[in-house]
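One structure is given here, and the rest of the page talks about it.
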Amino acid sequence: MSRLAIKICGLSTPDTVGAAVRAGASHIGFVHFAKSPRHVDAAQIAALAAIAPGHMEKVGVVVDPADDLLAELTAGGALTALQLHGKESPQRAAAIRQRFGLPVWKAISVKTRADIDAATAYVGAVDLLLFDAKTPDGSALPGGMGLRFDWTLLRGLSIPMPWGLSGGLSADNAAEAVRITDAPLIDVSSGVESAPGIKSVDKIMAFCKAVSAC
Ligand SMILES: O=C(O)c1ccccc1NCC(=O)[C@H](O)[C@H](O)COP(=O)(O)O
């Protein structure tokens, strides 16, 4: 078993949740965003989360969510964390954490060093920072596009809170990403798909195996 936490994001079927469990992932992610090919509703999230063991973290990925939506997604207790993947401010993120009583992750869109420096505004407001590649202006999705950023920007990162690396990872490059960044958690979505939104059991297995070897 790897010392690294692994989040397989954008799961939408029982067999791929099962694959993530068998492969040894520590976290699974469910995307609730209508424009995403990975979109799942509250009922689907509850059913999929129920397949995974209790110790596995179940992360709900949302984009600039209203409180009503968060109330719906968290009502059944299926999720163990919320990942904010929009333009939520530190104040909004902190308010969500307080109101819904779940750990809150903030995705930080990264292109330059300044993007990483700006993430310090979230220290104390959220529980984990997920550094992800910035998607181009006008993109349909703020994440899950298989894009990577310059991983050397994270070398020697000194931030007083948990963090993770995301964006363009796959079985082929995960070891290099970990070597460069020393990330304690890595997150993957399209790198374990055969087509947008279609997760591959074989690729999930290969990804977790590659990471476990780090
Ligand atoms: O995956 C999506 O479709 C998505 C849609 C809207 C907001 C966030 C989304 N994904 C967030 C994730 O955590 C992805 O795993 C992350 O962006 C990395 O994706 P990828 O580069 O495809 O591995």
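In the structure tokens, chains take the letters A, B, ... in the order shown, each chain's residues start at 1, and ligands count up from 1 in the order shown.
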
So that I can check the surroundings of A:Arg148, please list as a list of chain:residue names every protein, DNA and RNA residue that reaches within 10 Å of it, counting only C-alpha atoms and ignoring chain neighbours fewer than 3 positions away.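 So the residues in contact are A:Val110, A:Lys111, A:Asp132, A:Ala133, A:Lys134, A:Thr135, A:Met145, A:Trp151, A:Leu165, A:Ser166, A:Gly167, A:Gly168, A:Leu169, A:Ala177.
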
Test item: residues lying within 9 Å of ligand 1 with only C-alpha atoms and all ligand atoms, as a PyMOL selection string: chain A and resi 7-10+29-39+61-63+83-86+107+130-134+140-148+165-170+187-193+196-197

Per-residue nearest contacts stretch 78-187 of chain A to stretch 50-58 of chain A, cut-off 10 Å, using only C-alpha atoms, as a Markdown table:
| residue | atom | partner | partner_atom | distance |
| --- | --- | --- | --- | --- |
| A:Ala78 | CA | A:Ala50 | CA | 7.2 |
| A:Leu79 | CA | A:Lys58 | CA | 5.0 |
| A:Thr80 | CA | A:Lys58 | CA | 5.2 |
| A:Ala81 | CA | A:Lys58 | CA | 6.4 |
| A:Leu82 | CA | A:Lys58 | CA | 8.6 |

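For the residues A:Ser26, A:Thr120, A:Ser89, A:Ser158, ranking by smallest atom-to-atom distance to A:Asp64 using only C-alpha atoms places A:Ser89 first.
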
Got a sec: who's within 8 Å of A:Leu185, counting only C-alpha atoms, leaving out chain neighbours fewer than 4 positions off, as a list of chain:residue names? A:Leu4, A:Ala5, A:Ile6, A:Lys7, A:Trp163, A:Gly164, A:Leu165

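Using only C-alpha atoms, the smallest distance between any of A:Pro90, A:Phe149, A:Ser12, A:Arg3 and A:Ser200 comes from A:Ser12.
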
Can you measure atom CA of A:Ala125 to atom CA of A:Ser109 for me? One decimal in Å is fine.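 Between these atoms lies a distance of 17.0 Å.
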
Please identify the alpha helix (DSSP H) residues within stretch 19-203 of chain A (assignment by DSSP from backbone atoms) and present them as number ranges by chain. A: 19-23, 42-49, 67-74, 90-100, 113-118, 174-181, 201-203

Apply DSSP to the backbone of this structure and, from stretch 11-186 of chain A, keep only the residues in strand (DSSP E or B); write these as number ranges by chain. A: 27-31, 39, 57-62, 81-84, 104-110, 123, 126, 128-133, 163-166, 185-186

Atoms to include: N, CA and C atoms. Write the selected residues as an mmCIF file, in the first residue's frame.
data_model
loop_
_atom_site.group_PDB
_atom_site.id
_atom_site.type_symbol
_atom_site.label_atom_id
_atom_site.label_comp_id
_atom_site.auth_asym_id
_atom_site.auth_seq_id
_atom_site.Cartn_x
_atom_site.Cartn_y
_atom_site.Cartn_z
ATOM 1 N N HIS A 27 -9.563 7.756 -1.665
ATOM 2 C CA HIS A 27 -10.662 8.705 -1.843
ATOM 3 C C HIS A 27 -11.346 8.429 -3.193
ATOM 4 N N ILE A 28 -12.636 8.651 -3.222
ATOM 5 C CA ILE A 28 -13.347 8.661 -4.501
ATOM 6 C C ILE A 28 -14.099 9.985 -4.595
ATOM 7 N N GLY A 29 -14.241 10.473 -5.834
ATOM 8 C CA GLY A 29 -14.892 11.761 -6.030
ATOM 9 C C GLY A 29 -16.080 11.644 -6.961
ATOM 10 N N PHE A 30 -17.120 12.409 -6.635
ATOM 11 C CA PHE A 30 -18.340 12.436 -7.445
ATOM 12 C C PHE A 30 -18.586 13.870 -7.885
ATOM 13 N N VAL A 31 -18.695 14.073 -9.192
ATOM 14 C CA VAL A 31 -18.846 15.421 -9.734
ATOM 15 C C VAL A 31 -20.330 15.750 -9.904
ATOM 16 N N HIS A 39 -21.187 14.065 -14.561
ATOM 17 C CA HIS A 39 -22.206 14.550 -13.617
ATOM 18 C C HIS A 39 -23.040 13.404 -13.037
ATOM 19 N N GLU A 57 -12.782 7.849 1.847
ATOM 20 C CA GLU A 57 -13.335 9.205 1.797
ATOM 21 C C GLU A 57 -14.145 9.376 0.503
ATOM 22 N N LYS A 58 -15.313 10.011 0.659
ATOM 23 C CA LYS A 58 -16.194 10.229 -0.491
ATOM 24 C C LYS A 58 -16.373 11.738 -0.666
ATOM 25 N N VAL A 59 -15.808 12.237 -1.741
ATOM 26 C CA VAL A 59 -15.703 13.685 -1.931
ATOM 27 C C VAL A 59 -16.714 14.147 -2.987
ATOM 28 N N GLY A 60 -17.532 15.104 -2.623
ATOM 29 C CA GLY A 60 -18.475 15.685 -3.574
ATOM 30 C C GLY A 60 -17.853 16.914 -4.219
ATOM 31 N N VAL A 61 -17.782 16.898 -5.552
ATOM 32 C CA VAL A 61 -17.140 18.003 -6.290
ATOM 33 C C VAL A 61 -18.228 18.921 -6.843
ATOM 34 N N VAL A 62 -18.155 20.187 -6.470
ATOM 35 C CA VAL A 62 -19.187 21.142 -6.859
ATOM 36 C C VAL A 62 -18.528 22.457 -7.318
ATOM 37 N N ALA A 81 -16.588 14.756 2.443
ATOM 38 C CA ALA A 81 -15.906 16.035 2.198
ATOM 39 C C ALA A 81 -16.532 16.702 0.977
ATOM 40 N N LEU A 82 -16.366 18.026 0.906
ATOM 41 C CA LEU A 82 -16.843 18.799 -0.241
ATOM 42 C C LEU A 82 -15.647 19.444 -0.924
ATOM 43 N N GLN A 83 -15.562 19.289 -2.237
ATOM 44 C CA GLN A 83 -14.489 19.912 -3.011
ATOM 45 C C GLN A 83 -15.082 21.066 -3.816
ATOM 46 N N LEU A 84 -14.636 22.267 -3.510
ATOM 47 C CA LEU A 84 -15.140 23.459 -4.195
ATOM 48 C C LEU A 84 -14.253 23.729 -5.403
ATOM 49 N N VAL A 104 -13.762 20.774 3.979
ATOM 50 C CA VAL A 104 -13.888 21.446 2.679
ATOM 51 C C VAL A 104 -12.528 21.507 1.994
ATOM 52 N N TRP A 105 -12.522 21.090 0.728
ATOM 53 C CA TRP A 105 -11.331 21.204 -0.112
ATOM 54 C C TRP A 105 -11.549 22.373 -1.062
ATOM 55 N N LYS A 106 -10.473 23.085 -1.347
ATOM 56 C CA LYS A 106 -10.567 24.132 -2.370
ATOM 57 C C LYS A 106 -9.623 23.806 -3.509
ATOM 58 N N ALA A 107 -10.176 23.700 -4.701
ATOM 59 C CA ALA A 107 -9.334 23.525 -5.884
ATOM 60 C C ALA A 107 -8.719 24.868 -6.238
ATOM 61 N N ILE A 108 -7.414 24.855 -6.442
ATOM 62 C CA ILE A 108 -6.675 26.070 -6.818
ATOM 63 C C ILE A 108 -6.211 25.901 -8.260
ATOM 64 N N SER A 109 -6.701 26.751 -9.132
ATOM 65 C CA SER A 109 -6.322 26.675 -10.549
ATOM 66 C C SER A 109 -4.944 27.282 -10.736
ATOM 67 N N VAL A 110 -4.028 26.483 -11.264
ATOM 68 C CA VAL A 110 -2.630 26.921 -11.318
ATOM 69 C C VAL A 110 -2.117 27.041 -12.752
ATOM 70 N N VAL A 123 -5.748 29.437 3.775
ATOM 71 C CA VAL A 123 -5.267 28.789 4.998
ATOM 72 C C VAL A 123 -6.187 29.208 6.155
ATOM 73 N N VAL A 126 -10.193 26.436 4.797
ATOM 74 C CA VAL A 126 -10.532 25.109 4.271
ATOM 75 C C VAL A 126 -9.587 24.066 4.863
ATOM 76 N N LEU A 128 -8.165 21.360 2.944
ATOM 77 C CA LEU A 128 -7.163 20.840 1.994
ATOM 78 C C LEU A 128 -7.179 21.707 0.744
ATOM 79 N N LEU A 129 -6.014 21.952 0.190
ATOM 80 C CA LEU A 129 -5.896 22.658 -1.089
ATOM 81 C C LEU A 129 -5.538 21.644 -2.174
ATOM 82 N N LEU A 130 -6.283 21.671 -3.263
ATOM 83 C CA LEU A 130 -6.002 20.770 -4.380
ATOM 84 C C LEU A 130 -5.507 21.616 -5.550
ATOM 85 N N PHE A 131 -4.216 21.514 -5.831
ATOM 86 C CA PHE A 131 -3.628 22.288 -6.922
ATOM 87 C C PHE A 131 -3.909 21.576 -8.244
ATOM 88 N N ASP A 132 -4.646 22.240 -9.097
ATOM 89 C CA ASP A 132 -5.105 21.656 -10.354
ATOM 90 C C ASP A 132 -4.719 22.604 -11.495
ATOM 91 N N ALA A 133 -4.666 22.086 -12.696
ATOM 92 C CA ALA A 133 -4.311 22.939 -13.842
ATOM 93 C C ALA A 133 -5.428 23.923 -14.151
ATOM 94 N N TRP A 163 -2.492 19.227 1.376
ATOM 95 C CA TRP A 163 -2.676 19.628 -0.013
ATOM 96 C C TRP A 163 -2.538 18.417 -0.928
ATOM 97 N N GLY A 164 -2.960 18.600 -2.153
ATOM 98 C CA GLY A 164 -2.859 17.533 -3.133
ATOM 99 C C GLY A 164 -2.583 18.089 -4.513
ATOM 100 N N LEU A 165 -2.203 17.182 -5.409
ATOM 101 C CA LEU A 165 -1.883 17.528 -6.793
ATOM 102 C C LEU A 165 -2.896 16.893 -7.729
ATOM 103 N N SER A 166 -3.294 17.652 -8.714
ATOM 104 C CA SER A 166 -4.286 17.200 -9.674
ATOM 105 C C SER A 166 -3.974 17.792 -11.035
ATOM 106 N N LEU A 185 -1.033 13.743 -1.677
ATOM 107 C CA LEU A 185 -2.292 13.219 -2.236
ATOM 108 C C LEU A 185 -2.301 13.515 -3.715
ATOM 109 N N ILE A 186 -2.706 12.549 -4.511
ATOM 110 C CA ILE A 186 -2.853 12.839 -5.928
ATOM 111 C C ILE A 186 -4.252 12.446 -6.397
#

Interatomic distance (Å, one decimal) between atom CA of A:Gly156 and atom CA of A:Ala183: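 Going from atom CA of A:Gly156 over to atom CA of A:Ala183 covers 10.1 Å.
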
Excluding A:Arg155 and any residue of its chain fewer than 4 positions from it, enumerate the residues within 8 Å of it, using only C-alpha atoms, and give them as a PyMOL selection string. chain A and resi 151+180-182

Expected file: the selected residues, C-alpha atoms, as a PDB file, in the first residue's frame:
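Ended up saving to result-v1.pdb:
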ATOM      1  CA  TRP A 151       4.845  20.671 -11.481  1.00  0.00           C
ATOM      2  CA  ILE A 180       8.957  16.398  -8.515  1.00  0.00           C
ATOM      3  CA  THR A 181       6.304  17.654  -6.099  1.00  0.00           C
ATOM      4  CA  ASP A 182       6.376  15.208  -3.182  1.00  0.00           C
TER       5      ASP A 182
END

Neighbouring residues of A:Cys208 were defined as those with any atom within 8 Å, considering only C-alpha atoms; residues of the same chain fewer than 3 positions away were excluded. Please report them as a short mmCIF file (atom, residue, chain, number, x, y, z; two decimals) with C-alpha atoms, in the first residue's frame.
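Just written: result.cif:
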data_model
loop_
_atom_site.label_atom_id
_atom_site.label_comp_id
_atom_site.auth_asym_id
_atom_site.auth_seq_id
_atom_site.Cartn_x
_atom_site.Cartn_y
_atom_site.Cartn_z
CA ILE A 6 -5.11 8.59 -4.06
CA ALA A 23 -7.08 -0.88 -6.33
CA GLY A 24 -6.49 0.72 -2.94
CA ALA A 25 -7.58 4.30 -3.58
CA ALA A 171 -0.32 5.86 -14.80
CA ILE A 204 -7.81 2.75 -12.45
CA MET A 205 -5.91 -0.40 -11.52
CA VAL A 211 1.35 5.30 -7.46
CA SER A 212 1.78 2.48 -4.98
#

To one decimal place in Å, what is the distance between atom CA of A:Leu73 and atom CA of A:Ala195?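 Spanning atom CA of A:Leu73 to atom CA of A:Ala195 is a straight-line distance of 26.4 Å.
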